[in-house]
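Novice: Take a look at the following structure, please.
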Amino acid sequence: TITVTQASDGTYGVLAATAILTVSNNPNDPDIAFQAIKSEVVSVVNQSHASRLIDNVKTADSLMAEKIIFHGEMLRSQDAKNTKPNVSFFVNTEGNDKSLSADGLFARTEVLSENAMSRTIINAKIIRSKNSSKAEILSAYFVKDWDIFSNISKQYRISLKQSNAASAYPITNRDRVREASIGASASRNITKNVFVGVSADVIYGQYKTKISNQYTTVTAKSMTYTLAMSGRINGQYELKENLFFKPSFALNSGWEKLIKKSLVSKTSLGSSAVEATLSLPSLVRIVIEPGLLYEGRPNAFGTQEFFSMSPNHICEELKIISISQSCNTGFNFHFGRKNDLKRFVGKIYFKYENLNSGPLHETGFQFKKAL
């Protein structure tokens, strides 16, 4: 708008001028593009952290259970000796998306002294699913057990893990994980048939997630530390020849804390640092599992059949932004053959649980053989 006035000599002059500038939202602006997918970015990153915490807590409990079994075997045998390295192969399907995974595992046990042993475990895993998701995971564990013939046995361990994953659901994203952990556990022989154990692992993690749509790619980086703890009671009672009742109770917990984070939105116009609030998870799990194990008599070649059936009741409390509580009944079922002389195991297994992460049903095959 221009306002003019007329002077006495007939000429005109500008008294005032007003201009209005209208700026439209450009979807290629890095900040504007980020705001359009901010909720999806936060959801994907939060859920990735929650899934990793659940996995780390389950791993801590598995290592505690394995420690108790190993301690019991040493007390029964009273014999520590080097064993040949062994390899295991797993193939299974799991989840509603019928993902297919394949594992290869290498393990080696060495005697360090009269009362100490070490184990090295390397695991490689590949996962593929129908929704175009994929993941490759490589992990290594270095474990040392002391006082293996005493009522109280200690274990120290370190581990390294790297994984790369990609998914198109609910939005295109790629994930890279690097973790290093140190941990310790102790198991105690309470009676001939009962063992208890406690463990704690501290995990340092570096995470990088890229989330994309048609306008922008958001790169979210974070560094965290995680504490995963496990307490467990295992029993084994012989009901009759070759049939055992194996009840167990486990209390597991974990939480993740942020060290630092950064988010960058990049479009065709450039890149910009952006901000979003992440909610890191905490988890508590209680597992009650009354298991049965049957081991048949070895045949003339030393091969014996076995099966185990373990219904379980699991309660889980997961906190991300809000608290989600879930309790449900699941089961584990294994059957197969093994030969301790030839050092091989072959089995088929089924697993099911339905908690905060949704239904998890797994069907698989394992073959383990000494080299």
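Here, A, B, ... name the chains of the structure tokens in the order displayed, residue numbers run from 1 inside each chain, and ligands are numbered from 1 in the same displayed order.
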Could you give me, as CSV, every segment 189-248 of chain A residue with an atom at most 10 Å from segment 32-36 of chain A, plus its closest atom pair and distance in Å to one decimal, counting only C-alpha atoms, rows ordered by chain then number?
Specialist:
```
residue,atom,partner,partner_atom,distance
A:Ser212,CA,A:Phe34,CA,9.9
A:Asn213,CA,A:Ala33,CA,9.1
A:Gln214,CA,A:Ala33,CA,9.4
A:Tyr215,CA,A:Ala33,CA,6.3
A:Thr216,CA,A:Ala33,CA,6.0
A:Thr217,CA,A:Phe34,CA,8.4
A:Val218,CA,A:Phe34,CA,7.2
```
Novice: Take the residues from that selection and write them out as a PDB file, in the first residue's frame, keeping C-alpha atoms.
Specialist:
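See part_39.pdb below for the written result:
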```
ATOM      1  CA  SER A 212      13.567 -41.070   6.066  1.00  0.00           C
ATOM      2  CA  ASN A 213      10.564 -39.845   4.139  1.00  0.00           C
ATOM      3  CA  GLN A 214      10.267 -38.074   0.765  1.00  0.00           C
ATOM      4  CA  TYR A 215      11.508 -34.766   2.183  1.00  0.00           C
ATOM      5  CA  THR A 216      14.118 -35.436   4.850  1.00  0.00           C
ATOM      6  CA  THR A 217      16.472 -37.926   6.467  1.00  0.00           C
ATOM      7  CA  VAL A 218      16.745 -37.559  10.227  1.00  0.00           C
TER       8      VAL A 218
END
```
Novice: Excluding same-chain residues fewer than 6 positions from segment 106-115 of chain A, what lies within 7 Å of it counting only C-alpha atoms, as a list in words?
Specialist: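 My list of contacting residues is Ala80, Lys81, Asn82, Thr83, Lys84, Pro85, Asn86, Val87, Ser88, Ile121, Ile122, Asn123, Trp146, Asp147, Ile148 and Phe149 of chain A.
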Novice: So which residues touch segment 288-297 of chain A within 8 Å, counting only C-alpha atoms, skipping near sequence neighbours fewer than 3 positions away, as a ChimeraX atom specification?
Specialist: /A:242-250,304-314
Novice: Could you find all residues in segment 21-238 of chain A that DSSP calls strand (DSSP E) from the backbone, and write them as a ChimeraX atom specification?
Specialist: /A:86-94,99-113,116-128,134-146,152-167,172-189,194-212,217-235,237-238
Novice: Give me the residues near Ile69 of chain A as number ranges by chain, where near means some atom within 9 Å (using only C-alpha atoms) and where sequence neighbours in that chain fewer than 5 positions away do not count.
Specialist: A: 64, 74, 195, 234
Novice: Compile the contact shell of Ile182 of chain A as a ChimeraX atom specification: residues with an atom at most 6 Å away, counting only C-alpha atoms, same-chain residues fewer than 6 positions apart removed.
Specialist: /A:157-158,201-202
Novice: Considering only C-alpha atoms, state which residue in the set A:Tyr156, A:Phe70, A:Trp255, A:Phe301 is at the smallest distance from Ser279 of chain A.
Specialist: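 Smallest separation from Ser279 of chain A among the options: A:Trp255.
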Novice: Would you compute the distance between atom CA of Ser222 of chain A and atom CA of Val42 of chain A? Give it in Å to one decimal.
Specialist: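 Computed distance, atom CA of Ser222 of chain A to atom CA of Val42 of chain A, equals 12.5 Å.
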Novice: Could you tell me how far atom CA of Glu40 of chain A lies from atom CA of Ser132 of chain A, in Å and to one decimal?
Specialist: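 A separation of 18.7 Å between them.
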Novice: Mind pulling up the distance from atom CA of Val196 of chain A to atom CA of Arg232 of chain A?
Specialist: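 About the pair atom CA of Arg232 of chain A and atom CA of Val196 of chain A: they are 5.6 Å apart.
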Novice: Nearest residue to Lys210 of chain A out of A:Ser185, A:His361, A:Ala168, A:Ser326, using only C-alpha atoms?
Specialist: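 Closest to Lys210 of chain A of all the choices is A:Ala168.
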Novice: Nearest residue to Arg343 of chain A out of A:Thr303, A:Ser324, A:Asn356, A:Asn46, using only C-alpha atoms?
Specialist: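 Between A:Thr303, A:Ser324, A:Asn356, A:Asn46, the residue approaching Arg343 of chain A most closely is A:Thr303.
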Novice: Closest to Lys130 of chain A among A:Ser153, A:Thr329, A:Ser118, A:Ser101, using only C-alpha atoms?
Specialist: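 Under the stated criterion, the closest residue is A:Ser101.
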Novice: Applying 12 Å and only C-alpha atoms, which residues near Glu179 of chain A remain after dropping the ones on its own chain fewer than 2 positions away? List them as a ChimeraX atom specification.
Specialist: /A:52-53,56,137-141,158-163,176-177,181-182,201-208,222-226
Novice: Could you dump the residues just selected with C-alpha atoms as a PDB file, in the first residue's frame?
Specialist:
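Wrote selection_32.pdb, looks like this:
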```
ATOM      1  CA  ARG A  52      17.354 -53.507  23.062  1.00  0.00           C
ATOM      2  CA  LEU A  53      16.767 -53.248  26.808  1.00  0.00           C
ATOM      3  CA  ASN A  56      19.818 -57.238  27.177  1.00  0.00           C
ATOM      4  CA  ILE A 137      24.085 -59.277  14.529  1.00  0.00           C
ATOM      5  CA  LEU A 138      27.590 -60.248  15.633  1.00  0.00           C
ATOM      6  CA  SER A 139      28.472 -60.739  19.308  1.00  0.00           C
ATOM      7  CA  ALA A 140      31.353 -62.163  21.322  1.00  0.00           C
ATOM      8  CA  TYR A 141      31.522 -63.174  24.999  1.00  0.00           C
ATOM      9  CA  ILE A 158      33.021 -59.015  28.985  1.00  0.00           C
ATOM     10  CA  SER A 159      31.154 -58.845  25.702  1.00  0.00           C
ATOM     11  CA  LEU A 160      31.101 -56.929  22.433  1.00  0.00           C
ATOM     12  CA  LYS A 161      28.159 -56.608  20.075  1.00  0.00           C
ATOM     13  CA  GLN A 162      27.456 -54.957  16.746  1.00  0.00           C
ATOM     14  CA  SER A 163      24.292 -55.045  14.690  1.00  0.00           C
ATOM     15  CA  ARG A 176      23.318 -49.400  13.810  1.00  0.00           C
ATOM     16  CA  VAL A 177      24.200 -50.623  17.295  1.00  0.00           C
ATOM     17  CA  SER A 181      29.612 -54.685  28.503  1.00  0.00           C
ATOM     18  CA  ILE A 182      31.243 -55.957  31.649  1.00  0.00           C
ATOM     19  CA  ASP A 201      25.966 -56.229  33.756  1.00  0.00           C
ATOM     20  CA  VAL A 202      26.856 -52.653  32.813  1.00  0.00           C
ATOM     21  CA  ILE A 203      26.450 -51.986  29.082  1.00  0.00           C
ATOM     22  CA  TYR A 204      27.816 -48.983  27.191  1.00  0.00           C
ATOM     23  CA  GLY A 205      26.053 -48.392  23.889  1.00  0.00           C
ATOM     24  CA  GLN A 206      26.410 -46.210  20.808  1.00  0.00           C
ATOM     25  CA  TYR A 207      23.319 -46.053  18.599  1.00  0.00           C
ATOM     26  CA  LYS A 208      22.683 -44.462  15.225  1.00  0.00           C
ATOM     27  CA  SER A 222      22.766 -41.475  21.197  1.00  0.00           C
ATOM     28  CA  MET A 223      25.193 -42.782  23.789  1.00  0.00           C
ATOM     29  CA  THR A 224      23.772 -44.573  26.818  1.00  0.00           C
ATOM     30  CA  TYR A 225      24.671 -46.868  29.662  1.00  0.00           C
ATOM     31  CA  THR A 226      22.447 -49.725  30.793  1.00  0.00           C
TER      32      THR A 226
END
```
Novice: Which one of A:Ile190, A:Ala276, A:Ala166, A:Ile323 sits closest to Ala220 of chain A if you count only C-alpha atoms?
Specialist: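 So, comparing all the options, the nearest one is A:Ala276.
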